[in-house]
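**Q** Next comes the structure file structure13.txt, holding compact mmCIF, C-alpha atoms and all ligand atoms.
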# COMPACT_ATOMS: atom_id res chain seq x y z
CA MET A 3 -12.41 8.01 17.33
CA HIS A 4 -14.73 8.94 20.19
CA LEU A 5 -17.30 6.52 21.47
CA LYS A 6 -20.76 7.97 21.15
CA LEU A 7 -23.71 7.06 23.33
CA ARG A 8 -25.36 4.23 21.51
CA SER A 9 -28.96 4.39 20.42
CA PHE A 10 -31.11 1.31 21.00
CA SER A 11 -30.96 0.34 17.33
CA SER A 12 -27.19 0.54 17.15
CA PHE A 13 -27.09 -1.48 20.35
CA LEU A 14 -29.14 -4.14 18.58
CA ALA A 15 -26.80 -3.99 15.58
CA LEU A 16 -23.83 -4.43 17.90
CA ALA A 17 -25.49 -7.35 19.65
CA SER A 18 -26.22 -9.08 16.36
CA ILE A 19 -22.65 -8.64 15.10
CA PHE A 20 -21.46 -10.17 18.37
CA ALA A 21 -23.78 -13.10 17.90
CA LEU A 22 -22.69 -13.59 14.31
CA VAL A 23 -18.98 -13.51 14.86
CA GLN A 24 -18.99 -15.52 18.04
CA ALA A 25 -21.22 -18.36 16.91
CA PRO A 26 -19.12 -21.12 15.32
CA LEU A 27 -19.61 -20.75 11.64
CA SER A 28 -20.04 -24.50 11.39
CA SER A 29 -23.44 -24.05 13.06
CA GLN A 30 -24.61 -21.87 10.21
CA ALA A 31 -26.49 -22.99 7.14
CA ALA A 32 -24.38 -25.19 4.87
CA GLY A 33 -24.49 -22.69 1.99
CA ASP A 34 -22.93 -20.07 4.23
CA LYS A 35 -19.72 -21.95 4.92
CA LYS A 36 -17.85 -20.13 2.19
CA LEU A 37 -15.99 -16.87 1.99
CA GLU A 38 -14.79 -15.12 -1.15
CA VAL A 39 -11.77 -12.87 -0.60
CA PHE A 40 -10.76 -10.67 -3.54
CA SER A 41 -7.22 -9.27 -3.82
CA TRP A 42 -4.23 -8.84 -6.13
CA TRP A 43 -1.81 -10.63 -3.87
CA THR A 44 -0.13 -13.11 -6.18
CA SER A 45 3.63 -12.45 -6.01
CA GLY A 46 5.71 -14.84 -3.89
CA GLY A 47 5.70 -12.65 -0.78
CA GLU A 48 2.13 -11.47 -1.24
CA ALA A 49 0.72 -14.98 -1.67
CA ALA A 50 2.62 -16.29 1.36
CA ALA A 51 1.31 -13.45 3.52
CA LEU A 52 -2.26 -13.91 2.28
CA ASP A 53 -1.96 -17.57 3.11
CA ALA A 54 -0.99 -16.66 6.67
CA LEU A 55 -4.25 -14.70 6.96
CA PHE A 56 -6.18 -17.68 5.65
CA SER A 57 -4.48 -20.05 8.12
CA THR A 58 -5.28 -17.77 11.05
CA TYR A 59 -8.89 -17.49 9.90
CA LYS A 60 -9.23 -21.26 9.53
CA LYS A 61 -7.91 -21.73 13.05
CA GLN A 62 -10.27 -19.15 14.47
CA TYR A 63 -13.29 -20.14 12.37
CA PRO A 64 -12.91 -23.73 11.22
CA GLY A 65 -15.09 -25.18 8.52
CA VAL A 66 -15.31 -22.28 6.08
CA GLU A 67 -14.20 -22.85 2.52
CA ILE A 68 -12.19 -19.85 1.34
CA ILE A 69 -12.48 -18.83 -2.27
CA ASN A 70 -9.21 -17.06 -3.02
CA ALA A 71 -10.24 -14.68 -5.81
CA THR A 72 -7.01 -13.07 -6.96
CA VAL A 73 -6.35 -11.10 -10.12
CA ALA A 74 -2.60 -10.86 -10.76
CA GLY A 75 -0.95 -7.49 -11.42
CA GLY A 76 0.92 -5.42 -8.88
CA GLY A 77 -0.75 -2.38 -7.38
CA GLY A 78 -4.14 -3.82 -8.36
CA SER A 79 -3.90 -2.39 -11.88
CA ALA A 80 -5.71 -5.39 -13.36
CA ALA A 81 -7.76 -6.33 -10.29
CA ARG A 82 -9.56 -3.04 -9.76
CA PRO A 83 -11.30 -2.95 -13.17
CA VAL A 84 -12.43 -6.58 -12.69
CA LEU A 85 -13.75 -5.68 -9.26
CA GLN A 86 -15.60 -2.63 -10.60
CA THR A 87 -17.33 -4.79 -13.20
CA ARG A 88 -18.42 -7.26 -10.53
CA LEU A 89 -19.63 -4.53 -8.19
CA ALA A 90 -21.51 -2.69 -10.91
CA GLY A 91 -23.07 -5.99 -11.99
CA GLY A 92 -24.32 -6.77 -8.48
CA ASN A 93 -21.94 -9.73 -8.11
CA PRO A 94 -19.64 -8.67 -5.28
CA PRO A 95 -17.07 -10.82 -3.55
CA ASP A 96 -17.74 -10.95 0.21
CA THR A 97 -14.74 -8.77 0.95
CA TRP A 98 -12.05 -7.10 -1.12
CA GLN A 99 -8.71 -5.39 -0.71
CA SER A 100 -8.78 -1.62 -0.69
CA HIS A 101 -6.59 1.30 0.24
CA PRO A 102 -8.08 3.88 2.58
CA GLY A 103 -8.78 7.46 1.50
CA TRP A 104 -10.09 8.21 -1.97
CA GLU A 105 -9.99 4.63 -3.22
CA LEU A 106 -12.22 3.25 -0.46
CA LEU A 107 -14.47 6.23 0.05
CA GLY A 108 -14.70 7.43 -3.55
CA GLN A 109 -14.78 4.20 -5.52
CA TYR A 110 -16.60 1.85 -3.16
CA VAL A 111 -18.42 3.68 -0.36
CA GLU A 112 -19.80 6.56 -2.42
CA PRO A 113 -21.57 4.32 -4.99
CA GLY A 114 -22.98 2.23 -2.13
CA TYR A 115 -20.97 -0.98 -2.53
CA CYS A 116 -19.87 -1.25 1.11
CA GLU A 117 -21.52 -1.90 4.41
CA GLU A 118 -20.16 -0.11 7.46
CA VAL A 119 -18.18 -2.08 10.03
CA THR A 120 -18.12 0.60 12.73
CA GLU A 121 -19.47 -1.72 15.41
CA LEU A 122 -16.49 -4.06 15.07
CA TYR A 123 -14.21 -1.26 16.23
CA LYS A 124 -16.32 -0.83 19.35
CA SER A 125 -16.88 -4.48 20.16
CA ASP A 126 -13.22 -5.42 19.83
CA GLY A 127 -11.66 -2.36 21.46
CA TRP A 128 -10.12 -1.44 18.11
CA ASP A 129 -10.69 2.24 18.83
CA LYS A 130 -7.59 2.00 20.96
CA ALA A 131 -5.60 -0.54 18.96
CA PHE A 132 -5.66 1.24 15.56
CA PRO A 133 -4.23 4.76 15.04
CA LYS A 134 -7.09 7.23 14.90
CA GLY A 135 -5.61 9.00 11.85
CA LEU A 136 -5.76 5.77 9.83
CA VAL A 137 -9.30 4.93 10.94
CA ASN A 138 -10.37 8.44 9.92
CA LEU A 139 -9.20 7.71 6.36
CA MET A 140 -11.79 4.92 6.22
CA THR A 141 -14.60 6.82 7.89
CA LYS A 142 -17.34 8.92 6.35
CA ASP A 143 -20.14 10.59 8.30
CA GLY A 144 -19.08 8.71 11.44
CA LYS A 145 -19.23 5.30 9.73
CA THR A 146 -16.11 3.18 9.23
CA TYR A 147 -15.92 0.94 6.17
CA ALA A 148 -12.82 -1.24 6.32
CA VAL A 149 -10.38 -3.07 8.57
CA LEU A 150 -6.67 -2.55 8.04
CA VAL A 151 -4.34 -5.50 8.10
CA GLY A 152 -1.05 -3.70 7.52
CA VAL A 153 0.63 -0.43 6.63
CA HIS A 154 3.23 -0.38 3.88
CA ARG A 155 5.77 2.34 3.36
CA GLY A 156 5.96 3.53 -0.25
CA ASN A 157 9.18 5.57 -0.20
CA VAL A 158 11.91 2.99 0.32
CA LEU A 159 15.07 2.68 -1.77
CA TRP A 160 16.32 -0.90 -1.63
CA TYR A 161 19.81 -1.94 -2.62
CA ASN A 162 21.94 -4.99 -3.17
CA LYS A 163 24.48 -4.54 -0.42
CA LYS A 164 27.14 -6.86 -1.78
CA LEU A 165 27.00 -5.35 -5.24
CA LEU A 166 27.43 -1.84 -3.82
CA GLN A 167 30.30 -2.98 -1.61
CA LYS A 168 32.02 -4.56 -4.59
CA ASN A 169 31.79 -1.21 -6.34
CA GLY A 170 33.07 0.80 -3.37
CA ILE A 171 29.70 2.39 -2.57
CA THR A 172 28.45 2.77 0.98
CA ILE A 173 24.98 4.03 1.78
CA GLY A 174 24.54 5.75 5.15
CA ASP A 175 21.35 6.45 7.13
CA LYS A 176 20.20 9.07 4.66
CA LEU A 177 20.66 9.70 0.99
CA ASP A 178 20.22 12.90 -1.00
CA PHE A 179 19.85 13.23 -4.77
CA ASP A 180 23.52 14.17 -5.29
CA GLY A 181 24.67 11.11 -3.38
CA PHE A 182 22.25 8.92 -5.27
CA PHE A 183 23.26 10.15 -8.72
CA ALA A 184 26.96 9.90 -7.79
CA ALA A 185 26.42 6.22 -6.95
CA CYS A 186 24.49 5.74 -10.20
CA ASP A 187 27.34 7.25 -12.23
CA LYS A 188 29.89 5.02 -10.60
CA LEU A 189 27.79 1.95 -11.36
CA LYS A 190 27.18 3.10 -14.91
CA LYS A 191 30.93 3.35 -15.49
CA ALA A 192 31.22 -0.22 -14.23
CA GLY A 193 28.57 -1.27 -16.77
CA ILE A 194 25.85 -1.94 -14.18
CA PRO A 195 22.31 -0.61 -14.57
CA ALA A 196 21.99 1.23 -11.26
CA LEU A 197 18.25 1.55 -10.92
CA GLY A 198 16.08 -1.50 -11.34
CA VAL A 199 12.55 -0.89 -12.55
CA GLY A 200 9.85 -3.33 -13.60
CA ASP A 201 7.24 -1.16 -15.23
CA SER A 202 5.25 -3.65 -17.26
CA GLY A 203 2.65 -2.09 -14.97
CA ILE A 204 3.26 1.67 -15.27
CA TRP A 205 2.36 2.27 -11.60
CA THR A 206 5.93 1.33 -10.61
CA SER A 207 7.38 4.21 -12.64
CA ALA A 208 4.63 6.46 -11.33
CA GLN A 209 5.74 5.44 -7.87
CA LEU A 210 9.37 6.24 -8.67
CA PHE A 211 8.13 9.68 -9.67
CA GLU A 212 5.91 9.98 -6.57
CA ASN A 213 8.86 9.22 -4.31
CA THR A 214 11.09 11.65 -6.19
CA LEU A 215 8.44 14.35 -6.03
CA LEU A 216 8.20 13.98 -2.26
CA GLY A 217 12.00 14.12 -2.08
CA VAL A 218 11.88 17.60 -3.63
CA VAL A 219 8.67 19.18 -2.30
CA GLY A 220 8.81 17.65 1.21
CA PRO A 221 5.83 16.84 3.44
CA GLN A 222 4.41 20.37 3.44
CA GLY A 223 4.62 20.58 -0.34
CA TRP A 224 2.91 17.19 -0.55
CA SER A 225 -0.07 18.41 1.47
CA ASP A 226 -0.14 21.65 -0.52
CA LEU A 227 -0.17 19.79 -3.83
CA PHE A 228 -3.04 17.54 -2.90
CA SER A 229 -5.06 20.31 -1.30
CA GLY A 230 -4.63 22.49 -4.38
CA LYS A 231 -2.43 25.13 -2.69
CA MET A 232 0.61 24.24 -4.76
CA LYS A 233 0.17 23.86 -8.51
CA TRP A 234 1.41 20.91 -10.51
CA ASP A 235 3.51 23.23 -12.68
CA ASP A 236 5.31 24.73 -9.69
CA PRO A 237 9.10 25.00 -10.23
CA GLN A 238 9.61 22.47 -7.42
CA VAL A 239 7.43 19.92 -9.19
CA LYS A 240 9.32 20.55 -12.42
CA LYS A 241 12.61 20.06 -10.59
CA ALA A 242 11.37 16.64 -9.44
CA MET A 243 10.36 15.85 -13.03
CA GLY A 244 13.90 16.72 -14.07
CA TYR A 245 15.35 14.26 -11.53
CA PHE A 246 12.88 11.63 -12.65
CA ALA A 247 13.98 12.16 -16.27
CA LYS A 248 17.63 11.81 -15.26
CA MET A 249 16.88 8.53 -13.47
CA GLN A 250 15.76 7.05 -16.81
CA ASP A 251 19.44 7.06 -17.89
CA TYR A 252 20.33 4.41 -15.33
CA LEU A 253 17.55 1.84 -15.81
CA ASN A 254 17.81 -1.83 -16.73
CA SER A 255 17.13 -2.17 -20.46
CA ASP A 256 14.41 -4.80 -19.92
CA HIS A 257 12.39 -2.67 -17.46
CA SER A 258 9.21 -2.56 -19.53
CA ALA A 259 9.13 -6.37 -19.75
CA LEU A 260 9.40 -6.93 -15.99
CA SER A 261 6.83 -6.87 -13.21
CA TRP A 262 7.67 -5.15 -9.91
CA ASP A 263 8.61 -8.41 -8.23
CA GLN A 264 10.77 -9.55 -11.15
CA ALA A 265 12.67 -6.27 -10.83
CA VAL A 266 13.18 -6.97 -7.11
CA GLY A 267 14.38 -10.42 -8.17
CA ALA A 268 16.92 -8.78 -10.51
CA LEU A 269 18.23 -6.78 -7.54
CA MET A 270 18.64 -9.96 -5.50
CA GLU A 271 20.56 -11.53 -8.39
CA GLY A 272 22.90 -8.54 -8.56
CA LYS A 273 21.76 -7.48 -12.03
CA VAL A 274 20.76 -4.03 -10.77
CA ALA A 275 21.79 -2.14 -7.65
CA PHE A 276 18.77 -0.10 -6.47
CA ASN A 277 14.98 -0.29 -6.61
CA SER A 278 12.63 2.40 -5.32
CA MET A 279 9.64 0.42 -4.18
CA GLY A 280 7.12 0.08 -1.40
CA ASP A 281 8.03 -2.39 1.28
CA TRP A 282 6.05 -5.21 -0.25
CA ALA A 283 9.57 -5.72 -1.69
CA GLN A 284 10.55 -6.80 1.82
CA GLY A 285 8.05 -9.65 1.42
CA GLU A 286 10.04 -10.84 -1.61
CA PHE A 287 13.34 -10.70 0.30
CA VAL A 288 11.81 -12.69 3.16
CA LYS A 289 10.34 -15.24 0.77
CA ALA A 290 13.79 -15.68 -0.86
CA ASN A 291 15.49 -16.04 2.56
CA LYS A 292 17.67 -12.98 1.99
CA LYS A 293 19.34 -11.50 5.05
CA PRO A 294 18.59 -7.87 5.98
CA ASN A 295 21.69 -5.66 6.19
CA GLU A 296 23.77 -8.38 4.61
CA ASP A 297 22.26 -9.35 1.27
CA TYR A 298 20.17 -6.26 0.97
CA GLY A 299 19.84 -2.84 2.57
CA TRP A 300 17.41 0.07 2.48
CA VAL A 301 17.21 3.79 3.03
CA CYS A 302 14.45 6.35 2.50
CA HIS A 303 14.12 7.30 -1.17
CA PRO A 304 16.46 10.29 -1.78
CA GLY A 305 15.32 13.41 0.04
CA THR A 306 12.39 11.74 1.84
CA ASP A 307 13.93 11.06 5.22
CA GLY A 308 11.36 11.98 7.91
CA SER A 309 8.40 11.30 5.62
CA PHE A 310 6.49 8.03 5.43
CA ILE A 311 4.25 7.48 2.42
CA ILE A 312 1.46 5.27 3.71
CA VAL A 313 0.15 2.48 1.50
CA ALA A 314 -2.26 0.77 3.85
CA ASP A 315 -4.13 -2.43 3.04
CA GLY A 316 -7.65 -2.93 4.28
CA PHE A 317 -10.60 -5.19 3.58
CA THR A 318 -14.24 -4.23 3.16
CA LEU A 319 -17.62 -5.80 3.79
CA ALA A 320 -19.71 -5.94 0.62
CA LYS A 321 -23.24 -4.69 0.70
CA GLY A 322 -25.24 -7.81 -0.10
CA ALA A 323 -22.25 -10.05 0.69
CA PRO A 324 -23.21 -13.59 -0.29
CA HIS A 325 -21.64 -14.91 2.94
CA LYS A 326 -22.02 -12.09 5.39
CA GLU A 327 -21.36 -14.03 8.59
CA ALA A 328 -18.16 -15.49 7.22
CA ALA A 329 -17.13 -12.05 5.95
CA LEU A 330 -17.67 -10.42 9.35
CA ALA A 331 -15.64 -13.19 10.93
CA TRP A 332 -12.89 -12.55 8.34
CA LEU A 333 -12.74 -8.87 9.26
CA LYS A 334 -12.67 -9.71 12.94
CA SER A 335 -9.90 -12.20 12.25
CA ILE A 336 -7.64 -9.94 10.16
CA GLY A 337 -7.97 -7.23 12.79
CA SER A 338 -6.79 -9.60 15.51
CA LYS A 339 -3.27 -9.50 16.92
CA ASP A 340 -2.68 -13.10 15.85
CA ALA A 341 -3.41 -12.35 12.22
CA GLN A 342 -1.42 -9.13 12.15
CA GLU A 343 1.59 -10.79 13.76
CA ALA A 344 1.45 -13.67 11.27
CA PHE A 345 0.79 -11.64 8.13
CA ASN A 346 3.03 -8.58 8.34
CA PRO A 347 6.45 -10.23 8.82
CA LEU A 348 5.80 -12.02 5.50
CA LYS A 349 4.22 -9.06 3.69
CA GLY A 350 6.74 -6.34 4.60
CA SER A 351 4.14 -3.98 6.02
CA ILE A 352 3.97 -3.04 9.68
CA PRO A 353 0.88 -4.07 11.61
CA ALA A 354 -1.90 -1.50 11.60
CA ARG A 355 -2.44 -2.31 15.29
CA THR A 356 0.03 -0.58 17.55
CA ASP A 357 -0.21 -3.14 20.38
CA VAL A 358 1.52 -6.12 18.72
CA ASP A 359 4.53 -8.02 20.02
CA LYS A 360 7.37 -6.13 18.32
CA SER A 361 9.89 -8.86 19.07
CA LYS A 362 8.26 -10.96 16.36
CA PHE A 363 9.54 -8.58 13.69
CA ASP A 364 12.92 -8.35 11.96
CA ALA A 365 15.40 -5.49 11.48
CA TYR A 366 13.55 -3.95 8.56
CA HIS A 367 10.26 -3.88 10.43
CA GLN A 368 11.88 -2.40 13.53
CA TRP A 369 13.20 0.44 11.37
CA SER A 370 9.84 0.94 9.68
CA MET A 371 7.80 0.82 12.92
CA ASN A 372 10.15 3.33 14.45
CA SER A 373 9.94 5.72 11.54
CA PHE A 374 6.15 5.37 11.33
CA ALA A 375 6.04 6.70 14.89
CA ASN A 376 8.41 9.59 14.13
CA SER A 377 7.70 10.72 10.58
CA SER A 378 5.21 12.84 8.68
CA LEU A 379 2.60 10.35 7.46
CA LEU A 380 1.46 11.06 3.91
CA PRO A 381 -1.09 9.35 1.66
CA SER A 382 0.03 7.83 -1.64
CA CYS A 383 -1.44 9.08 -4.89
CA VAL A 384 -0.21 6.13 -6.96
CA HIS A 385 -1.98 3.75 -4.58
CA GLY A 386 -5.26 5.60 -4.64
CA GLU A 387 -5.28 7.34 -1.28
CA ALA A 388 -4.44 10.99 -1.93
CA ALA A 389 -6.58 11.81 -4.96
CA PRO A 390 -9.60 10.59 -6.93
CA ALA A 391 -9.20 7.63 -9.30
CA ALA A 392 -9.31 9.91 -12.35
CA PHE A 393 -6.23 11.81 -11.16
CA GLN A 394 -4.42 8.58 -10.29
CA GLN A 395 -5.08 7.36 -13.84
CA ALA A 396 -4.04 10.70 -15.36
CA LEU A 397 -0.75 10.50 -13.47
CA ASN A 398 -0.09 7.01 -14.85
CA ASP A 399 -0.85 8.23 -18.38
CA ALA A 400 1.32 11.33 -17.99
CA VAL A 401 4.21 9.19 -16.70
CA THR A 402 3.86 6.84 -19.68
CA ALA A 403 4.11 9.81 -22.06
CA PHE A 404 6.97 11.45 -20.15
CA ILE A 405 9.16 8.37 -20.21
CA VAL A 406 9.08 8.62 -24.00
CA ASP A 407 9.19 12.40 -24.63
CA LYS A 408 10.89 13.66 -21.41
CA ASN A 409 8.99 16.91 -21.91
CA VAL A 410 8.70 18.53 -18.47
CA ASP A 411 6.22 21.18 -19.62
CA SER A 412 3.77 18.70 -21.10
CA PHE A 413 4.08 16.49 -18.02
CA ALA A 414 3.34 19.43 -15.71
CA ASN A 415 0.49 20.70 -17.90
CA ALA A 416 -1.13 17.27 -18.03
CA LEU A 417 -1.18 17.16 -14.23
CA VAL A 418 -2.48 20.74 -13.92
CA GLN A 419 -5.30 19.78 -16.27
CA ALA A 420 -6.01 16.50 -14.45
CA ALA A 421 -6.14 18.32 -11.10
CA LYS A 422 -8.65 20.80 -12.53
CA GLU A 423 -10.81 18.02 -13.93
CA SER A 424 -10.78 15.91 -10.79
CA GLU A 425 -11.58 19.05 -8.76
CA SER A 426 -14.70 19.53 -10.83
CA THR A 427 -15.83 15.92 -10.23
CA LYS A 428 -15.24 15.97 -6.45
C1 LIG B 501 -0.13 -2.11 -3.31
C2 LIG B 501 -0.66 -2.89 -2.13
C3 LIG B 501 0.40 -3.77 -1.57
C4 LIG B 501 1.14 -4.56 -2.63
C5 LIG B 501 1.48 -3.71 -3.86
C6 LIG B 501 2.06 -4.50 -5.03
O1 LIG B 501 -1.15 -1.36 -3.89
O2 LIG B 501 -1.10 -2.00 -1.14
O3 LIG B 501 -0.14 -4.65 -0.61
O4 LIG B 501 0.36 -5.65 -2.94
O5 LIG B 501 0.37 -3.00 -4.29
O6 LIG B 501 1.14 -5.39 -5.57
If you took the structure in this file and wrote it as structure tokens, what would it be?
**A**
Amino acid sequence: MHLKLRSFSSFLALASIFALVQAPLSSQAAGDKKLEVFSWWTSGGEAAALDALFSTYKKQYPGVEIINATVAGGGGSAARPVLQTRLAGGNPPDTWQSHPGWELLGQYVEPGYCEEVTELYKSDGWDKAFPKGLVNLMTKDGKTYAVLVGVHRGNVLWYNKKLLQKNGITIGDKLDFDGFFAACDKLKKAGIPALGVGDSGIWTSAQLFENTLLGVVGPQGWSDLFSGKMKWDDPQVKKAMGYFAKMQDYLNSDHSALSWDQAVGALMEGKVAFNSMGDWAQGEFVKANKKPNEDYGWVCHPGTDGSFIIVADGFTLAKGAPHKEAALAWLKSIGSKDAQEAFNPLKGSIPARTDVDKSKFDAYHQWSMNSFANSSLLPSCVHGEAAPAAFQQALNDAVTAFIVDKNVDSFANALVQAAKESESTK
């Protein structure tokens, strides 16, 4: 982002933000010493990481009572409707979790629920610390609306290393669909459900499809699909649907009763071998003290080597935030190196800042940071970045139907229709 010459009024705005975030919050009015943070971070790894953000904030800004407003349910499937009701009712939390792209700009900025935080990027030198491409995904008409705390990778295939070894399966640096299905067959013969899924929230199956789709269409196809150049009934898309259908033959029988983190737990226990999941799964392995490359391993989801599906986590500033000073301080805090170095090792994401101390991160993070720097970076549809909310919902619904009927044509047609409809509401 380029620095523009500041007008006098924006200079004043900058000066007042400085004053707000630098004054000890304890000197503010008693009623202001609260901060409500809204998120869906309730799994073991998520809660531990969120707590690290709170601890950093309390150190930096002592004396503020944090109201931890969480609504359980991975991917925010239950939290986002609750949030919408609060926002529409004029009862916003001070700050809430959001993905960049369509989710932030379409669901929160467009209806006027957010206040810009552009000046923070200037005052704290964040223009240089955060990748410009990511900041652009949170910027509209030159105004930036969120601060990123971490960047998850969506397209990771995790595995129980000991279980695979026991079954004579070795996974190299890359995996293609043939290799993956060969491993699945071997496990199936041994009576082991190869692919662990916990789709009590359907987004996890939608994500399995998203990863598989990328594995077939590649990064160019991904951009073409979301820009409307490639159609959702393209033979390549249908091929991915075919793979996704085949994967259903290798699932754990209790998949629809499990949450995403319970399915990762099943992998740790050796009940299933693989799980295709964003690297918030890494947060669960860390929380359970599992050793990378010993207890568990990872590889890009089949066919997706060289592509990195971004699932970035940011926080907003509510318009009319009840505790605006505390909220600005929160954003300043989560954007700091200290917070990003404390949070991300526990969460599984890599820091959004590129100037952190890399030695504080483990083997998984080293791999992820390295591939972030060398891969095609693509927005996730399942996590609200690549397409409007209506399309994201239509994909979830189409996946729900497909798991039952396995009808590739209806699946493709539903997405063609959804793309048309969301085009007309853009
Ligand atoms: C994503 C979010 C991650 C993680 C995951 C599972 O949408 O970006 O931080 O929380 O959901 O809940």
**Q** For ligand LIG 501 (chain B), list the contacting residues at 10 Å or closer, counting only C-alpha atoms and all ligand atoms, as a PyMOL selection string.
**A** chain A and resi 41-45+47-49+51-52+74-79+99-102+151-156+205-206+261-263+279-283+285+312-316+349-351+382+384-387
**Q** Residues within 12 Å of range 400-402 of chain A, please, as a count of residues only. Count all atoms listed in the file; anything in the same chain fewer than 5 positions from it doesn't count.
**A** 35
**Q** What is the CA of Tyr63 in chain A-CA of Thr146 in chain A distance in Å, reported with one decimal?
**A**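 We find that CA of Tyr63 in chain A and CA of Thr146 in chain A lie 23.7 Å from each other.
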**Q** Taking all atoms listed in the file into account, name the residue in A:Lys176, A:Lys145, A:Lys240, A:Lys334 that is nearest to Pro304 in chain A.
**A**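 Counting all atoms listed in the file, the residue closest to Pro304 in chain A is A:Lys176.
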**Q** May I ask which of the residues A:Ala290, A:Leu85, A:Ile336, A:Leu348 is the closest one to Leu55 in chain A, counting only C-alpha atoms?
**A**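 Checking each of A:Ala290, A:Leu85, A:Ile336, A:Leu348 against Leu55 in chain A, counting only C-alpha atoms, the winner is A:Ile336.
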**Q** Could you jot down the CA of Phe276 in chain A to CA of Tyr252 in chain A separation for me, Å, one decimal place?
**A**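 It comes out at 10.1 Å.
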**Q** Determine the nearest neighbour of Met232 in chain A from the options A:Val219, A:Val301, A:Asn138, A:Asn157, counting all atoms listed in the file.
**A**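 Between A:Val219, A:Val301, A:Asn138, A:Asn157, the residue approaching Met232 in chain A most closely is A:Val219.
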**Q** Suppose you want the space between CA of Val66 in chain A and CA of Cys116 in chain A; what is it in Å?
**A**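 If I compute the distance from CA of Val66 in chain A to CA of Cys116 in chain A, I get 22.1 Å.
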**Q** Identify, on the basis of only C-alpha atoms, every residue whose closest approach to Leu107 in chain A does not exceed 10 Å; exclude the query and any residue fewer than 2 positions from it along the same chain; express the result as a ChimeraX atom specification.
**A** /A:100-105,109-114,116,139-142,146-148,387,390
**Q** Give me the residues near Gln62 in chain A as a PyMOL selection string, where near means some atom within 10 Å (using all atoms listed in the file) and where sequence neighbours in that chain fewer than 2 positions away do not count.
**A** chain A and resi 26-27+56-60+64-65+331-332+334-335+340-341
**Q** Can I get the residues of range 129-202 of chain A within 12 Å of range 291-294 of chain A, each with the closest pair of atoms and their distance in Å to one decimal, using only C-alpha atoms, sorted chain first then ascending number, as a Markdown table?
**A**
| residue | atom | partner | partner_atom | distance |
| --- | --- | --- | --- | --- |
| A:Trp160 | CA | A:Pro294 | CA | 10.6 |
| A:Tyr161 | CA | A:Pro294 | CA | 10.5 |
| A:Asn162 | CA | A:Pro294 | CA | 10.2 |
| A:Lys163 | CA | A:Pro294 | CA | 9.3 |
| A:Lys164 | CA | A:Lys293 | CA | 11.4 |
**Q** For Ala320 in chain A, which residue out of A:Ala265, A:Ala50, A:Cys302, A:Leu89 is the nearest one, using all atoms listed in the file?
**A**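 Closest residue, counting all atoms listed in the file: A:Leu89.
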**Q** Go through A:Glu117, A:Asp236, A:Glu343, A:Asp226 and flag the residue nearest Asp364 in chain A, using all atoms listed in the file for the distances.
**A**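 Closest residue, counting all atoms listed in the file: A:Glu343.
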